[in-house]
Structure formats: C-alpha cells, structure tokens
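run.cif follows; it contains mmCIF, C-alpha atoms.
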data_target
#
loop_
_atom_site.group_PDB
_atom_site.id
_atom_site.type_symbol
_atom_site.label_atom_id
_atom_site.label_comp_id
_atom_site.auth_asym_id
_atom_site.auth_seq_id
_atom_site.Cartn_x
_atom_site.Cartn_y
_atom_site.Cartn_z
ATOM 1 C CA MET A 1 0.000 0.000 0.000
ATOM 2 C CA GLU A 2 2.673 2.514 1.025
ATOM 3 C CA GLN A 3 4.823 1.883 -2.010
ATOM 4 C CA SER A 4 1.997 2.192 -4.529
ATOM 5 C CA ILE A 5 0.729 5.477 -3.009
ATOM 6 C CA ALA A 6 4.243 6.950 -2.781
ATOM 7 C CA SER A 7 5.113 5.801 -6.293
ATOM 8 C CA TYR A 8 1.925 7.298 -7.762
ATOM 9 C CA LEU A 9 2.317 10.522 -5.773
ATOM 10 C CA PHE A 10 5.916 11.247 -6.769
ATOM 11 C CA ARG A 11 5.380 10.188 -10.379
ATOM 12 C CA ASN A 12 2.329 12.443 -10.964
ATOM 13 C CA ASN A 13 2.830 15.120 -8.254
ATOM 14 C CA TYR A 14 -0.697 14.434 -7.002
ATOM 15 C CA CYS A 15 -2.620 11.483 -5.657
ATOM 16 C CA VAL A 16 -6.397 11.196 -5.184
ATOM 17 C CA LEU A 17 -7.356 8.808 -2.396
ATOM 18 C CA PRO A 18 -11.125 8.171 -2.772
ATOM 19 C CA GLY A 19 -13.000 8.822 0.471
ATOM 20 C CA ILE A 20 -9.944 10.416 2.118
ATOM 21 C CA GLY A 21 -8.706 13.344 0.039
ATOM 22 C CA LYS A 22 -5.956 14.479 -2.257
ATOM 23 C CA LEU A 23 -2.190 14.638 -1.734
ATOM 24 C CA THR A 24 -0.270 17.190 -3.825
ATOM 25 C CA VAL A 25 3.480 17.725 -4.168
ATOM 26 C CA VAL A 26 4.231 21.466 -4.145
ATOM 27 C CA THR A 27 7.716 22.466 -5.283
ATOM 28 C CA THR A 28 9.309 25.699 -4.102
ATOM 29 C CA PRO A 29 12.164 26.592 -6.483
ATOM 30 C CA ALA A 30 15.681 27.508 -5.384
ATOM 31 C CA ASP A 31 16.004 31.070 -4.105
ATOM 32 C CA THR A 32 18.990 33.389 -4.169
ATOM 33 C CA ASP A 33 19.689 35.459 -1.084
ATOM 34 C CA PHE A 34 22.484 37.813 -2.151
ATOM 35 C CA ILE A 35 22.237 39.885 1.009
ATOM 36 C CA ASN A 36 23.353 36.934 3.118
ATOM 37 C CA GLY A 37 25.438 35.396 0.301
ATOM 38 C CA GLN A 38 23.407 32.183 0.050
ATOM 39 C CA ILE A 39 21.420 30.081 -2.382
ATOM 40 C CA LYS A 40 18.558 28.208 -0.768
ATOM 41 C CA PRO A 41 17.803 24.778 -2.278
ATOM 42 C CA PRO A 42 14.499 23.829 -3.910
ATOM 43 C CA VAL A 43 12.070 22.226 -1.472
ATOM 44 C CA GLN A 44 9.176 19.856 -2.113
ATOM 45 C CA ASN A 45 6.278 19.799 0.347
ATOM 46 C CA ILE A 46 3.309 17.475 0.407
ATOM 47 C CA GLU A 47 -0.043 19.156 0.992
ATOM 48 C CA PHE A 48 -3.272 17.350 1.891
ATOM 49 C CA SER A 49 -6.826 18.430 1.219
ATOM 50 C CA ALA A 50 -9.472 16.274 2.884
ATOM 51 C CA ASP A 51 -12.453 15.210 0.760
ATOM 52 C CA ASP A 52 -15.045 12.839 2.242
ATOM 53 C CA LYS A 53 -17.299 13.159 -0.814
ATOM 54 C CA SER A 54 -14.903 11.485 -3.255
ATOM 55 C CA GLU A 55 -15.985 7.954 -2.235
ATOM 56 C CA ALA A 56 -17.835 7.481 -5.526
ATOM 57 C CA ILE A 57 -14.587 7.996 -7.445
ATOM 58 C CA PHE A 58 -12.816 4.863 -8.563
ATOM 59 C CA ASN A 59 -9.162 4.956 -9.600
ATOM 60 C CA GLU A 60 -6.055 2.761 -9.400
ATOM 61 C CA LEU A 61 -5.643 3.678 -5.719
ATOM 62 C CA SER A 62 -9.188 2.807 -4.599
ATOM 63 C CA ALA A 63 -8.111 -0.469 -2.959
ATOM 64 C CA GLU A 64 -5.211 1.213 -1.149
ATOM 65 C CA SER A 65 -7.552 4.007 -0.040
ATOM 66 C CA GLU A 66 -10.036 1.539 1.425
ATOM 67 C CA HIS A 67 -7.227 -0.273 3.197
ATOM 68 C CA LEU A 68 -5.920 3.050 4.575
ATOM 69 C CA LYS A 69 -9.427 3.993 5.842
ATOM 70 C CA MET A 70 -9.748 0.627 7.610
ATOM 71 C CA MET A 71 -6.333 1.066 9.243
ATOM 72 C CA LEU A 72 -7.275 4.619 10.332
ATOM 73 C CA ASP A 73 -10.509 3.329 11.886
ATOM 74 C CA ALA A 74 -8.587 0.607 13.762
ATOM 75 C CA ARG A 75 -5.396 2.433 14.788
ATOM 76 C CA ARG A 76 -6.269 6.173 14.422
ATOM 77 C CA THR A 77 -2.734 6.800 13.112
ATOM 78 C CA VAL A 78 -1.119 5.403 9.957
ATOM 79 C CA SER A 79 2.398 6.258 8.849
ATOM 80 C CA LEU A 80 3.249 6.045 5.145
ATOM 81 C CA THR A 81 6.995 5.714 4.557
ATOM 82 C CA GLY A 82 8.419 8.663 2.637
ATOM 83 C CA ILE A 83 5.131 10.594 2.689
ATOM 84 C CA GLY A 84 3.892 11.353 6.193
ATOM 85 C CA VAL A 85 1.398 10.418 8.892
ATOM 86 C CA PHE A 86 -2.403 10.250 8.597
ATOM 87 C CA THR A 87 -4.341 10.753 11.830
ATOM 88 C CA LYS A 88 -8.081 10.332 12.328
ATOM 89 C CA LYS A 89 -9.537 12.722 14.926
ATOM 90 C CA ASP A 90 -12.376 11.835 17.305
ATOM 91 C CA ASP A 91 -14.821 13.866 15.211
ATOM 92 C CA GLY A 92 -13.991 11.759 12.127
ATOM 93 C CA HIS A 93 -11.840 14.302 10.297
ATOM 94 C CA ILE A 94 -8.561 13.101 8.821
ATOM 95 C CA HIS A 95 -5.420 15.129 9.439
ATOM 96 C CA PHE A 96 -2.140 14.738 7.529
ATOM 97 C CA SER A 97 1.370 15.645 8.745
ATOM 98 C CA PRO A 98 3.968 15.503 5.973
ATOM 99 C CA LEU A 99 7.335 13.878 6.546
ATOM 100 C CA GLN A 100 9.887 16.479 7.585
ATOM 101 C CA ILE A 101 12.855 16.826 5.266
ATOM 102 C CA ALA A 102 16.269 16.261 6.865
ATOM 103 C CA PRO A 103 17.873 19.633 7.696
ATOM 104 C CA SER A 104 21.076 18.589 5.960
ATOM 105 C CA LEU A 105 19.156 18.455 2.664
ATOM 106 C CA VAL A 106 17.772 21.979 2.913
ATOM 107 C CA THR A 107 20.755 23.915 4.201
ATOM 108 C CA PRO A 108 21.636 26.946 2.090
ATOM 109 C CA VAL A 109 24.817 26.951 0.052
ATOM 110 C CA LYS A 110 27.326 29.785 0.288
ATOM 111 C CA ALA A 111 27.375 31.909 -2.867
ATOM 112 C CA GLU A 112 29.438 34.934 -3.731
ATOM 113 C CA ARG A 113 28.639 37.293 -6.543
ATOM 114 C CA VAL A 114 31.777 37.863 -8.569
ATOM 115 C CA ILE A 115 31.985 40.906 -10.796
ATOM 116 C CA ARG A 116 35.012 41.019 -13.018
ATOM 117 C CA GLU A 117 35.640 44.298 -14.721
ATOM 118 C CA ASN A 118 37.718 44.563 -17.884
ATOM 119 C CA VAL A 119 37.631 40.829 -18.521
ATOM 120 C CA GLN A 120 36.512 39.580 -21.914
ATOM 121 C CA HIS A 121 34.434 36.434 -22.188
ATOM 122 C CA SER A 122 32.302 34.912 -24.902
ATOM 123 C CA LEU A 123 28.508 35.106 -24.999
ATOM 124 C CA LEU A 124 25.927 33.338 -27.105
ATOM 125 C CA VAL A 125 23.450 35.865 -28.514
ATOM 126 C CA GLY A 126 20.779 34.138 -30.547
ATOM 127 C CA ASP A 127 22.734 31.732 -32.699
ATOM 128 C CA LYS A 128 25.905 33.838 -32.921
ATOM 129 C CA GLU A 129 28.844 33.895 -30.553
ATOM 130 C CA THR A 130 30.158 37.298 -29.534
ATOM 131 C CA THR A 131 31.980 38.842 -26.585
ATOM 132 C CA ASN A 132 30.837 40.923 -23.644
ATOM 133 C CA VAL A 133 32.937 43.846 -24.914
ATOM 134 C CA VAL A 134 31.078 43.920 -28.238
ATOM 135 C CA MET A 135 27.701 43.698 -26.480
ATOM 136 C CA THR A 136 28.649 46.463 -24.037
ATOM 137 C CA GLU A 137 29.558 48.734 -26.936
ATOM 138 C CA TYR A 138 26.333 47.785 -28.724
ATOM 139 C CA PHE A 139 24.159 48.710 -25.767
ATOM 140 C CA THR A 140 26.096 51.815 -24.734
ATOM 141 C CA GLU A 141 24.014 54.791 -25.726
ATOM 142 C CA GLU A 142 25.667 57.953 -26.900
ATOM 143 C CA GLU A 143 24.290 61.136 -25.467
ATOM 144 C CA PRO A 144 22.407 62.971 -28.188
ATOM 145 C CA LYS A 145 23.882 66.321 -29.124
ATOM 146 C CA LYS A 146 21.854 69.185 -27.804
ATOM 147 C CA GLU A 147 20.225 70.989 -30.647
ATOM 148 C CA ARG A 148 20.830 74.741 -30.485
ATOM 149 C CA TRP A 149 19.385 75.799 -33.850
ATOM 150 C CA TRP A 150 16.596 77.631 -32.097
ATOM 151 C CA ILE A 151 19.075 80.153 -30.655
ATOM 152 C CA ALA A 152 19.996 81.341 -34.175
ATOM 153 C CA ALA A 153 16.303 81.547 -35.109
ATOM 154 C CA VAL A 154 15.556 83.702 -32.043
ATOM 155 C CA ILE A 155 18.476 86.050 -32.836
ATOM 156 C CA ILE A 156 17.320 86.473 -36.455
ATOM 157 C CA ALA A 157 13.723 87.138 -35.312
ATOM 158 C CA VAL A 158 14.864 89.776 -32.785
ATOM 159 C CA LEU A 159 17.052 91.508 -35.398
ATOM 160 C CA SER A 160 14.148 91.501 -37.892
ATOM 161 C CA ILE A 161 11.841 93.097 -35.352
ATOM 162 C CA ILE A 162 14.458 95.766 -34.546
ATOM 163 C CA ILE A 163 14.912 96.591 -38.271
ATOM 164 C CA VAL A 164 11.128 96.891 -38.806
ATOM 165 C CA VAL A 165 10.767 99.184 -35.763
ATOM 166 C CA ILE A 166 13.630 101.428 -36.954
ATOM 167 C CA TYR A 167 12.166 101.597 -40.474
ATOM 168 C CA PHE A 168 8.725 102.685 -39.249
ATOM 169 C CA SER A 169 10.162 105.192 -36.808
ATOM 170 C CA PHE A 170 12.072 107.028 -39.594
ATOM 171 C CA ASN A 171 9.344 106.842 -42.286
ATOM 172 C CA GLY A 172 6.318 107.996 -40.355
ATOM 173 C CA GLY A 173 4.922 104.664 -39.487
ATOM 174 C CA SER A 174 2.252 104.413 -42.209
ATOM 175 C CA SER A 175 4.220 104.382 -45.433
ATOM 176 C CA LEU A 176 4.899 100.963 -46.680
ATOM 177 C CA GLY A 177 5.688 101.926 -50.277
ATOM 178 C CA ASN A 178 7.439 104.981 -51.740
ATOM 179 C CA ALA A 179 8.034 107.984 -49.574
ATOM 180 C CA PHE A 180 6.272 110.374 -52.032
ATOM 181 C CA SER A 181 3.215 109.984 -54.212
ATOM 182 C CA ILE A 182 3.383 109.949 -58.012
ATOM 183 C CA GLU A 183 0.801 111.934 -60.011
ATOM 184 C CA PRO A 184 -0.535 110.289 -63.129
ATOM 185 C CA ALA A 185 0.424 111.934 -66.419
ATOM 186 C CA THR A 186 -2.188 114.072 -68.197
ATOM 187 C CA ALA A 187 -4.030 112.492 -71.064
ATOM 188 C CA ASP A 188 -3.609 113.690 -74.663
ATOM 189 C CA SER A 189 -6.417 115.576 -76.342
ATOM 190 C CA SER A 190 -7.363 112.577 -78.414
ATOM 191 C CA TYR A 191 -8.639 110.943 -75.327
ATOM 192 C CA HIS A 192 -11.430 112.161 -73.116
ATOM 193 C CA LEU A 193 -11.569 111.302 -69.547
ATOM 194 C CA SER A 194 -14.924 110.222 -68.388
ATOM 195 C CA ARG A 195 -15.925 110.986 -64.955
#
Turn this file's structure into structure tokens for me.
Amino acid sequence: MEQSIASYLFRNNYCVLPGIGKLTVVTTPADTDFINGQIKPPVQNIEFSADDKSEAIFNELSAESEHLKMMLDARRTVSLTGIGVFTKKDDGHIHFSPLQIAPSLVTPVKAERVIRENVQHSLLVGDKETTNVVMTEYFTEEEPKKERWWIAAVIIAVLSIIIVVIYFSFNGGSSLGNAFSIEPATADSSYHLSR
C-alpha cells in the first residue's frame, strides 16, 4: 500500500485517495539570497486536502484508499513511509502531517557574486557567438547632441523686429511703399476722360 501510493504521488505530483482526500506535491524553487550570500535549495512539500465526498470515485488507488481507511478506523494513526502520517480525529476528520525533510538536505549553500571588470568572455546571442565587450559597446548609448538651432532663429527674429521698428520710426509709421506719391500723367487731347 505505502509503495503504490508513494510511487503514484511522486510520479504524478498528485494522488487522489477516494473517500480520504488528495495529496499534492508542491515544489518551491531555489532562491537566491544575495544579502546573506546564500542560495537556498528547492524544497518539495506534500499538501493534503481532505475530501469525504470522493468515495464514488474509482481509480487505481481505490483499494489502497479503502485499506488506509480501515487502518485509520482501527489504529487512528497510519504512517506512510516517505510521505507522512495520517491521523483520524475523534470527530472523524482526517489530518495529515507531511514527513519532515532532513535539515542537511535543505541547508543553504554559500554563494558569492563575482563581478570582473575589464575581462573579456564569450557570450551566445541568438545563434551567434560574440563577446561581452562587443555587447557592451552595442548597448552603450551615446548622449544625443543638444540641438541649439533655435538660438539662431531667435536672434534672427529679434534683429528683424528691430529693423522693422527702426524703419517705421524714420518713415512715419504708415508708409509701406514709396516715400512720395506719383501723379498720373495728363491724357492727350485725343482721349477724353470720363468721370
């Protein structure tokens, strides 16, 4: 019984025990702790969710589940090697305590972050091999030159305004054409002006 439940559980990462509940393997990935200079190992925990209503379900573990329920009724506590301990409370609820992992298997490993400056090494970018120096140059952004064309435009506009003001101040302000008016020539006698 123990071997078939453990084998099914670790092969599929879950195990439905009809009339008892479901066991699930939850994996916590490795974690880096650069502040303390450690890498914590990945940890697998077994979680249990009780389900009394799954008695109508039939699967490859139905016989083992029935055997486990009978052992829980008789002994109140059943230990499954490599998985944990099932306990039946006085009110009929089933409680599961997972097997504790040995502390030597979950101790963090010392890790130091090494930053080497001015050292060239090869990188694989897409399907091409290049170096870190080439990639650093590729991603280094040049500061854009500050455009100062608008300063020249402002100076030209100010000078134009000054020239227009000087022109109007010397020519009376309202003359935009010639400074004196031209009289039309008189018509010959062969022509009559109609008024």
Kindly provide, as a PDB file with C-alpha atoms, in the coordinates of the input, the polymer residues lying within 12 Å of (9.1, 1.4, 3.8), counting all atoms listed in the file and using the coordinates exactly as they appear in the file.
ATOM      1  CA  MET A   1       0.000   0.000   0.000  1.00  0.00           C
ATOM      2  CA  GLU A   2       2.673   2.514   1.025  1.00  0.00           C
ATOM      3  CA  GLN A   3       4.823   1.883  -2.010  1.00  0.00           C
ATOM      4  CA  SER A   4       1.997   2.192  -4.529  1.00  0.00           C
ATOM      5  CA  ILE A   5       0.729   5.477  -3.009  1.00  0.00           C
ATOM      6  CA  ALA A   6       4.243   6.950  -2.781  1.00  0.00           C
ATOM      7  CA  SER A   7       5.113   5.801  -6.293  1.00  0.00           C
ATOM      8  CA  SER A  79       2.398   6.258   8.849  1.00  0.00           C
ATOM      9  CA  LEU A  80       3.249   6.045   5.145  1.00  0.00           C
ATOM     10  CA  THR A  81       6.995   5.714   4.557  1.00  0.00           C
ATOM     11  CA  GLY A  82       8.419   8.663   2.637  1.00  0.00           C
ATOM     12  CA  ILE A  83       5.131  10.594   2.689  1.00  0.00           C
ATOM     13  CA  GLY A  84       3.892  11.353   6.193  1.00  0.00           C
TER      14      GLY A  84
END
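With all atoms listed in the file as the atoms that count, the residue of A:Phe34, A:Leu99, A:Pro18, A:Val25 with the shortest distance to Val114 in chain A is A:Phe34.
CA of Glu47 in chain A is found 8.2 Å from CA of Phe96 in chain A.
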Hey, what comes out of the PyMOL selection byres ((chain A and resi 13) around 12) on this file? Could you write it as a compact mmCIF listing (two decimals) with C-alpha atoms, in the frame of the given file?
# COMPACT_ATOMS: atom_id res chain seq x y z
CA ILE A 5 0.73 5.48 -3.01
CA ALA A 6 4.24 6.95 -2.78
CA SER A 7 5.11 5.80 -6.29
CA TYR A 8 1.92 7.30 -7.76
CA LEU A 9 2.32 10.52 -5.77
CA PHE A 10 5.92 11.25 -6.77
CA ARG A 11 5.38 10.19 -10.38
CA ASN A 12 2.33 12.44 -10.96
CA TYR A 14 -0.70 14.43 -7.00
CA CYS A 15 -2.62 11.48 -5.66
CA VAL A 16 -6.40 11.20 -5.18
CA LYS A 22 -5.96 14.48 -2.26
CA LEU A 23 -2.19 14.64 -1.73
CA THR A 24 -0.27 17.19 -3.82
CA VAL A 25 3.48 17.73 -4.17
CA VAL A 26 4.23 21.47 -4.14
CA THR A 27 7.72 22.47 -5.28
CA GLN A 44 9.18 19.86 -2.11
CA ASN A 45 6.28 19.80 0.35
CA ILE A 46 3.31 17.48 0.41
CA GLU A 47 -0.04 19.16 0.99
12 Å contact set for Arg113 in chain A, only C-alpha atoms, chain neighbours under 5 positions out, as a PyMOL selection string: chain A and resi 32-39
